[in-house]
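Here is the file my_file_22.pdb (PDB, C-alpha atoms, pLDDT in the B column).
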```pdb
MODEL        1
ATOM      1  CA  MET A  17       0.000   0.000   0.000  1.00 65.00           C
ATOM      2  CA  SER A  18       1.397   3.376  -0.959  1.00 67.00           C
ATOM      3  CA  GLY A  19       1.922   6.254   1.452  1.00 65.00           C
ATOM      4  CA  LYS A  20      -0.869   8.213  -0.261  1.00 68.00           C
ATOM      5  CA  ASN A  21      -3.394   5.410   0.312  1.00 67.00           C
ATOM      6  CA  LYS A  22      -2.358   5.119   3.960  1.00 68.00           C
ATOM      7  CA  ARG A  23      -3.054   8.832   4.466  1.00 71.00           C
ATOM      8  CA  TYR A  24      -6.515   8.490   2.904  1.00 63.00           C
ATOM      9  CA  ILE A  25      -7.322   5.531   5.118  1.00 71.00           C
ATOM     10  CA  ALA A  26      -6.031   7.356   8.196  1.00 61.00           C
ATOM     11  CA  ALA A  27      -8.154  10.401   7.302  1.00 59.00           C
ATOM     12  CA  ILE A  28     -11.263   8.234   6.840  1.00 70.00           C
ATOM     13  CA  VAL A  29     -10.660   6.451  10.163  1.00 59.00           C
ATOM     14  CA  ALA A  30     -10.198   9.809  11.911  1.00 56.00           C
ATOM     15  CA  LEU A  31     -13.419  11.136  10.339  1.00 54.00           C
ATOM     16  CA  ILE A  32     -15.356   8.051  11.483  1.00 67.00           C
ATOM     17  CA  ALA A  33     -13.956   8.459  15.016  1.00 51.00           C
ATOM     18  CA  VAL A  34     -14.961  12.141  15.135  1.00 42.00           C
ATOM     19  CA  LEU A  35     -18.472  11.305  13.874  1.00 51.00           C
ATOM     20  CA  ALA A  36     -18.831   8.548  16.472  1.00 48.00           C
ATOM     21  CA  LEU A  37     -17.808  10.930  19.259  1.00 44.00           C
ATOM     22  CA  ALA A  38     -20.245  13.556  17.985  1.00 43.00           C
ATOM     23  CA  VAL A  39     -23.109  11.045  17.961  1.00 44.00           C
ATOM     24  CA  CYS A  40     -22.281   9.951  21.528  1.00 41.00           C
ATOM     25  CA  ALA A  41     -22.130  13.558  22.699  1.00 42.00           C
ATOM     26  CA  MET A  42     -25.474  14.346  21.081  1.00 42.00           C
ATOM     27  CA  ALA A  43     -27.100  11.292  22.632  1.00 46.00           C
ATOM     28  CA  SER A  44     -26.598  12.692  26.137  1.00 51.00           C
ATOM     29  CA  ASP A  45     -28.236  15.968  25.105  1.00 70.00           C
ATOM     30  CA  VAL A  46     -31.471  14.424  23.821  1.00 87.00           C
ATOM     31  CA  VAL A  47     -34.511  16.505  24.665  1.00 94.00           C
ATOM     32  CA  TYR A  48     -38.182  15.657  24.295  1.00 95.00           C
ATOM     33  CA  LYS A  49     -40.944  18.150  23.559  1.00 94.00           C
ATOM     34  CA  LYS A  50     -43.355  18.044  26.503  1.00 94.00           C
ATOM     35  CA  ASP A  51     -46.420  18.151  24.265  1.00 92.00           C
ATOM     36  CA  LYS A  52     -45.175  15.082  22.327  1.00 92.00           C
ATOM     37  CA  VAL A  53     -44.558  12.839  25.355  1.00 94.00           C
ATOM     38  CA  LYS A  54     -47.443  10.744  26.650  1.00 95.00           C
ATOM     39  CA  ASP A  55     -47.364   8.509  29.718  1.00 95.00           C
ATOM     40  CA  THR A  56     -47.354   4.944  28.394  1.00 94.00           C
ATOM     41  CA  GLY A  57     -47.925   3.207  31.695  1.00 90.00           C
ATOM     42  CA  GLU A  58     -45.421   0.838  33.252  1.00 89.00           C
ATOM     43  CA  THR A  59     -44.549  -1.649  30.531  1.00 91.00           C
ATOM     44  CA  LEU A  60     -40.849  -2.242  31.261  1.00 96.00           C
ATOM     45  CA  VAL A  61     -40.151  -0.706  34.665  1.00 97.00           C
ATOM     46  CA  THR A  62     -42.357  -0.278  37.720  1.00 97.00           C
ATOM     47  CA  ILE A  63     -41.556   2.957  39.536  1.00 97.00           C
ATOM     48  CA  THR A  64     -42.329   2.377  43.224  1.00 96.00           C
ATOM     49  CA  GLN A  65     -41.169   5.776  44.447  1.00 97.00           C
ATOM     50  CA  PRO A  66     -42.128   8.600  44.077  1.00 96.00           C
ATOM     51  CA  ALA A  67     -45.862   8.496  43.445  1.00 95.00           C
ATOM     52  CA  ARG A  68     -47.068  10.127  40.212  1.00 96.00           C
ATOM     53  CA  GLU A  69     -48.089  13.189  42.267  1.00 97.00           C
ATOM     54  CA  TYR A  70     -45.766  13.599  45.216  1.00 97.00           C
ATOM     55  CA  THR A  71     -45.081  16.309  47.786  1.00 95.00           C
ATOM     56  CA  SER A  72     -41.775  16.444  49.634  1.00 94.00           C
ATOM     57  CA  ASN A  73     -40.365  18.654  52.356  1.00 91.00           C
ATOM     58  CA  SER A  74     -36.880  17.712  51.182  1.00 91.00           C
ATOM     59  CA  ARG A  75     -35.162  18.759  47.968  1.00 93.00           C
ATOM     60  CA  THR A  76     -33.689  15.270  47.698  1.00 95.00           C
ATOM     61  CA  ILE A  77     -35.927  12.351  46.739  1.00 96.00           C
ATOM     62  CA  LEU A  78     -35.347   8.707  45.887  1.00 97.00           C
ATOM     63  CA  LEU A  79     -36.321   7.330  42.488  1.00 97.00           C
ATOM     64  CA  VAL A  80     -36.882   3.620  43.084  1.00 97.00           C
ATOM     65  CA  GLY A  81     -38.109   0.910  40.764  1.00 97.00           C
ATOM     66  CA  ASN A  82     -37.861  -2.612  39.481  1.00 97.00           C
ATOM     67  CA  THR A  83     -38.257  -4.664  36.331  1.00 97.00           C
ATOM     68  CA  ASP A  84     -38.708  -8.265  35.276  1.00 96.00           C
ATOM     69  CA  TYR A  85     -36.188  -7.773  32.460  1.00 95.00           C
ATOM     70  CA  ALA A  86     -32.392  -7.590  32.464  1.00 93.00           C
ATOM     71  CA  ASN A  87     -30.478  -4.853  30.683  1.00 95.00           C
ATOM     72  CA  VAL A  88     -33.181  -2.198  30.693  1.00 97.00           C
ATOM     73  CA  ARG A  89     -31.856   1.338  30.150  1.00 97.00           C
ATOM     74  CA  VAL A  90     -33.475   3.984  32.353  1.00 97.00           C
ATOM     75  CA  GLU A  91     -33.128   7.695  31.620  1.00 98.00           C
ATOM     76  CA  LEU A  92     -34.215  10.571  33.853  1.00 98.00           C
ATOM     77  CA  TYR A  93     -35.428  13.928  32.500  1.00 98.00           C
ATOM     78  CA  ILE A  94     -36.760  17.138  34.040  1.00 97.00           C
ATOM     79  CA  ALA A  95     -39.033  19.711  32.426  1.00 97.00           C
ATOM     80  CA  SER A  96     -37.435  22.980  31.400  1.00 96.00           C
ATOM     81  CA  GLY A  97     -39.830  25.239  29.556  1.00 95.00           C
ATOM     82  CA  ASP A  98     -41.540  23.193  26.858  1.00 95.00           C
ATOM     83  CA  VAL A  99     -39.006  20.327  26.802  1.00 97.00           C
ATOM     84  CA  TYR A 100     -37.704  17.535  29.008  1.00 98.00           C
ATOM     85  CA  LYS A 101     -33.906  17.670  29.419  1.00 97.00           C
ATOM     86  CA  PRO A 102     -31.611  15.030  30.969  1.00 98.00           C
ATOM     87  CA  LYS A 103     -31.486  15.295  34.766  1.00 97.00           C
ATOM     88  CA  ALA A 104     -28.491  13.884  36.606  1.00 97.00           C
ATOM     89  CA  ALA A 105     -28.975  11.991  39.847  1.00 97.00           C
ATOM     90  CA  THR A 106     -26.691  12.917  42.745  1.00 96.00           C
ATOM     91  CA  ASP A 107     -24.171  10.330  41.485  1.00 97.00           C
ATOM     92  CA  GLY A 108     -23.897  12.298  38.221  1.00 96.00           C
ATOM     93  CA  SER A 109     -25.710   9.819  35.987  1.00 96.00           C
ATOM     94  CA  SER A 110     -28.843  10.707  34.023  1.00 96.00           C
ATOM     95  CA  SER A 111     -29.099   7.196  32.561  1.00 96.00           C
ATOM     96  CA  TRP A 112     -28.191   3.733  33.761  1.00 97.00           C
ATOM     97  CA  VAL A 113     -28.784   0.080  32.951  1.00 97.00           C
ATOM     98  CA  ILE A 114     -30.704  -2.163  35.330  1.00 96.00           C
ATOM     99  CA  GLY A 115     -28.826  -5.422  35.649  1.00 90.00           C
ATOM    100  CA  SER A 116     -29.991  -8.904  36.488  1.00 90.00           C
ATOM    101  CA  SER A 117     -31.124  -7.914  39.999  1.00 94.00           C
ATOM    102  CA  GLY A 118     -34.012  -6.025  38.440  1.00 95.00           C
ATOM    103  CA  PHE A 119     -33.881  -3.226  41.028  1.00 96.00           C
ATOM    104  CA  PHE A 120     -32.630   0.348  40.988  1.00 96.00           C
ATOM    105  CA  SER A 121     -32.522   3.329  43.320  1.00 97.00           C
ATOM    106  CA  LYS A 122     -31.240   6.805  42.513  1.00 97.00           C
ATOM    107  CA  GLU A 123     -31.075   9.867  44.725  1.00 98.00           C
ATOM    108  CA  VAL A 124     -32.226  12.988  42.869  1.00 98.00           C
ATOM    109  CA  GLU A 125     -31.919  16.604  44.014  1.00 97.00           C
ATOM    110  CA  LEU A 126     -34.779  18.832  42.864  1.00 97.00           C
ATOM    111  CA  ASN A 127     -35.645  22.511  42.908  1.00 95.00           C
ATOM    112  CA  LYS A 128     -38.082  24.024  45.373  1.00 94.00           C
ATOM    113  CA  GLY A 129     -41.543  24.295  43.849  1.00 95.00           C
ATOM    114  CA  VAL A 130     -42.957  22.104  41.081  1.00 97.00           C
ATOM    115  CA  ASN A 131     -40.655  19.589  39.348  1.00 97.00           C
ATOM    116  CA  GLU A 132     -41.992  17.708  36.329  1.00 98.00           C
ATOM    117  CA  LEU A 133     -39.995  14.516  35.799  1.00 98.00           C
ATOM    118  CA  MET A 134     -40.003  11.995  32.981  1.00 98.00           C
ATOM    119  CA  VAL A 135     -38.513   8.521  33.168  1.00 97.00           C
ATOM    120  CA  ARG A 136     -37.822   6.748  29.884  1.00 97.00           C
ATOM    121  CA  ALA A 137     -37.144   3.020  29.952  1.00 97.00           C
ATOM    122  CA  SER A 138     -35.935   1.125  26.892  1.00 97.00           C
ATOM    123  CA  LYS A 139     -34.980  -2.408  25.982  1.00 96.00           C
ATOM    124  CA  GLU A 140     -34.057  -3.770  22.596  1.00 95.00           C
ATOM    125  CA  GLY A 141     -37.074  -5.389  20.940  1.00 95.00           C
ATOM    126  CA  LYS A 142     -39.595  -3.725  23.277  1.00 95.00           C
ATOM    127  CA  PRO A 143     -41.512  -0.439  22.935  1.00 96.00           C
ATOM    128  CA  ASP A 144     -40.103   2.430  25.016  1.00 97.00           C
ATOM    129  CA  GLN A 145     -41.836   3.344  28.269  1.00 97.00           C
ATOM    130  CA  PHE A 146     -42.433   6.965  29.251  1.00 98.00           C
ATOM    131  CA  SER A 147     -43.532   7.677  32.844  1.00 97.00           C
ATOM    132  CA  LEU A 148     -44.426  11.189  34.010  1.00 97.00           C
ATOM    133  CA  PHE A 149     -44.214  12.478  37.595  1.00 97.00           C
ATOM    134  CA  THR A 150     -44.888  15.779  39.318  1.00 97.00           C
ATOM    135  CA  VAL A 151     -42.945  16.357  42.527  1.00 97.00           C
ATOM    136  CA  HIS A 152     -43.820  19.391  44.635  1.00 97.00           C
ATOM    137  CA  VAL A 153     -40.927  20.400  46.874  1.00 95.00           C
ATOM    138  CA  SER A 154     -42.138  22.546  49.745  1.00 91.00           C
ATOM    139  CA  GLU A 155     -40.704  26.017  50.051  1.00 80.00           C
ATOM    140  CA  GLU A 156     -40.362  25.314  53.773  1.00 71.00           C
ATOM    141  CA  SER A 157     -38.035  22.706  55.180  1.00 63.00           C
ATOM    142  CA  LEU A 158     -39.350  20.110  57.602  1.00 64.00           C
ATOM    143  CA  LYS A 159     -37.512  21.965  60.365  1.00 71.00           C
ATOM    144  CA  ASP A 160     -39.374  25.201  59.442  1.00 69.00           C
ATOM    145  CA  ILE A 161     -42.723  23.392  59.394  1.00 70.00           C
ATOM    146  CA  ILE A 162     -42.112  21.907  62.876  1.00 78.00           C
ATOM    147  CA  ARG A 163     -40.867  25.243  64.223  1.00 77.00           C
ATOM    148  CA  ASN A 164     -43.901  27.096  62.846  1.00 70.00           C
ATOM    149  CA  GLY A 165     -46.254  24.424  64.181  1.00 77.00           C
ATOM    150  CA  ILE A 166     -44.763  24.652  67.673  1.00 83.00           C
ATOM    151  CA  ASN A 167     -44.911  28.470  67.586  1.00 75.00           C
ATOM    152  CA  ASN A 168     -48.572  28.358  66.525  1.00 76.00           C
ATOM    153  CA  LEU A 169     -49.380  25.847  69.274  1.00 79.00           C
ATOM    154  CA  LEU A 170     -47.589  27.943  71.913  1.00 77.00           C
ATOM    155  CA  SER A 171     -49.415  31.039  70.689  1.00 78.00           C
ATOM    156  CA  LYS A 172     -52.792  29.285  71.043  1.00 81.00           C
ATOM    157  CA  ILE A 173     -51.909  28.015  74.532  1.00 84.00           C
ATOM    158  CA  THR A 174     -50.836  31.519  75.577  1.00 81.00           C
ATOM    159  CA  ASP A 175     -54.035  33.031  74.138  1.00 81.00           C
ATOM    160  CA  PHE A 176     -56.101  30.434  75.992  1.00 82.00           C
ATOM    161  CA  PHE A 177     -54.703  31.498  79.369  1.00 83.00           C
ATOM    162  CA  LYS A 178     -55.089  35.246  78.775  1.00 80.00           C
TER
ENDMDL
END
```
Is it possible to give me this structure as C-alpha cells?
Amino acid sequence: MSGKNKRYIAAIVALIAVLALAVCAMASDVVYKKDKVKDTGETLVTITQPAREYTSNSRTILLVGNTDYANVRVELYIASGDVYKPKAATDGSSSWVIGSSGFFSKEVELNKGVNELMVRASKEGKPDQFSLFTVHVSEESLKDIIRNGINNLLSKITDFFK
C-alpha cells in the first residue's frame, strides 16, 4: 500500500472516530418536547417511588423501581420550559442500565416548587416506556414546618390562658 493510500485511510478512520464521538455527545443531550410525550404506563419498569403526584419537604428524593427484564436502560429527564432535558442523579448519571437484579434506586436533588420529571425506559425489541411524575418540593423545610407548628401551638396556649 502506498503512502498516499495510507493517508486516505487514516483520514477516513479519523473522520469516522470524530463522527462517532459527535453522535455519543449528542445522545446525552437528547430533549423531548413536553407536548409530544405521553405517559405509556409501566410496561418495562415499575416505579415504586415517588408516586405520580408527590409532595416532599426535602429537595432530595429517591427514584426507586424494578423490572422483570435484564439490561433495561433507564433515563431521567426534568421539564425545562416546553421540553424535558436530561437530569443527573446525585451520582452524576442521568441514565443507567438495570442489571440482572431487576432493582434500581437513585437519589435525585430537585428545585423548590414544582418539578416535572419523565422517566424513559428502553430495551431492545420492546416499545419504550415513558412515565411522568410531578414532585412538589415545599418552600419550607421540615424543620421550618415543625418550628412554625410549635410556635402556633404555643401562641394558642398563651391566648387560651389570657
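Between CA of Lys128 in chain A and CA of Ser96 in chain A lies a distance of 14.0 Å.
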List as CSV every residue of range 39-76 of chain A that is in contact with range 80-95 of chain A, defined as an atom at most 6 Å from one of its atoms (using all atoms listed in the file), together with the nearest atom pair and the distance in Å rounded to one decimal, sorted by chain and then rising number.
```
residue,atom,partner,partner_atom,distance
A:Val61,CA,A:Thr83,CA,4.7
A:Thr62,CA,A:Gly81,CA,5.4
A:Ile63,CA,A:Gly81,CA,4.2
A:Thr64,CA,A:Gly81,CA,5.1
A:Gln65,CA,A:Val80,CA,5.0
```
Exercise. Name the residues that the PyMOL selection byres ((chain A and resi 111) around 10) pulls out of this structure, and write them as a PyMOL selection string.
Key: chain A and resi 44+89-93+102-105+108-110+112-114+135-137
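Comparing the minimum interatomic distances between Glu132 in chain A and each of A:Phe120, A:Phe176, A:Phe149, A:Tyr48, counting all atoms listed in the file, we find that A:Phe149 sits nearest.
One finds CA of Thr106 in chain A at 13.1 Å from CA of Asn127 in chain A.
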Exercise. Check which residues satisfy the PyMOL selection byres ((chain A and resi 147) around 7) in the file shown, then give them as a PyMOL selection string.
Key: chain A and resi 55-57+134-136+145-146+148-149
Go ahead and write the residues just picked, C-alpha atoms, as a CSV table (one decimal), keeping the file's coordinate frame.
```
chain,number,residue,atom,x,y,z
A,55,ASP,CA,-47.4,8.5,29.7
A,56,THR,CA,-47.4,4.9,28.4
A,57,GLY,CA,-47.9,3.2,31.7
A,134,MET,CA,-40.0,12.0,33.0
A,135,VAL,CA,-38.5,8.5,33.2
A,136,ARG,CA,-37.8,6.7,29.9
A,145,GLN,CA,-41.8,3.3,28.3
A,146,PHE,CA,-42.4,7.0,29.3
A,148,LEU,CA,-44.4,11.2,34.0
A,149,PHE,CA,-44.2,12.5,37.6
```
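Put simply, CA of Ser138 in chain A is 11.4 Å away from CA of Glu58 in chain A.
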Exercise. Compare A:Glu125, A:Phe177, A:Glu140, A:Ile162 by their minimum atom-to-atom distance to Thr76 in chain A, counting only C-alpha atoms, and give me the closest one.
Key: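 Of all the options, A:Glu125 lies closest to Thr76 in chain A.
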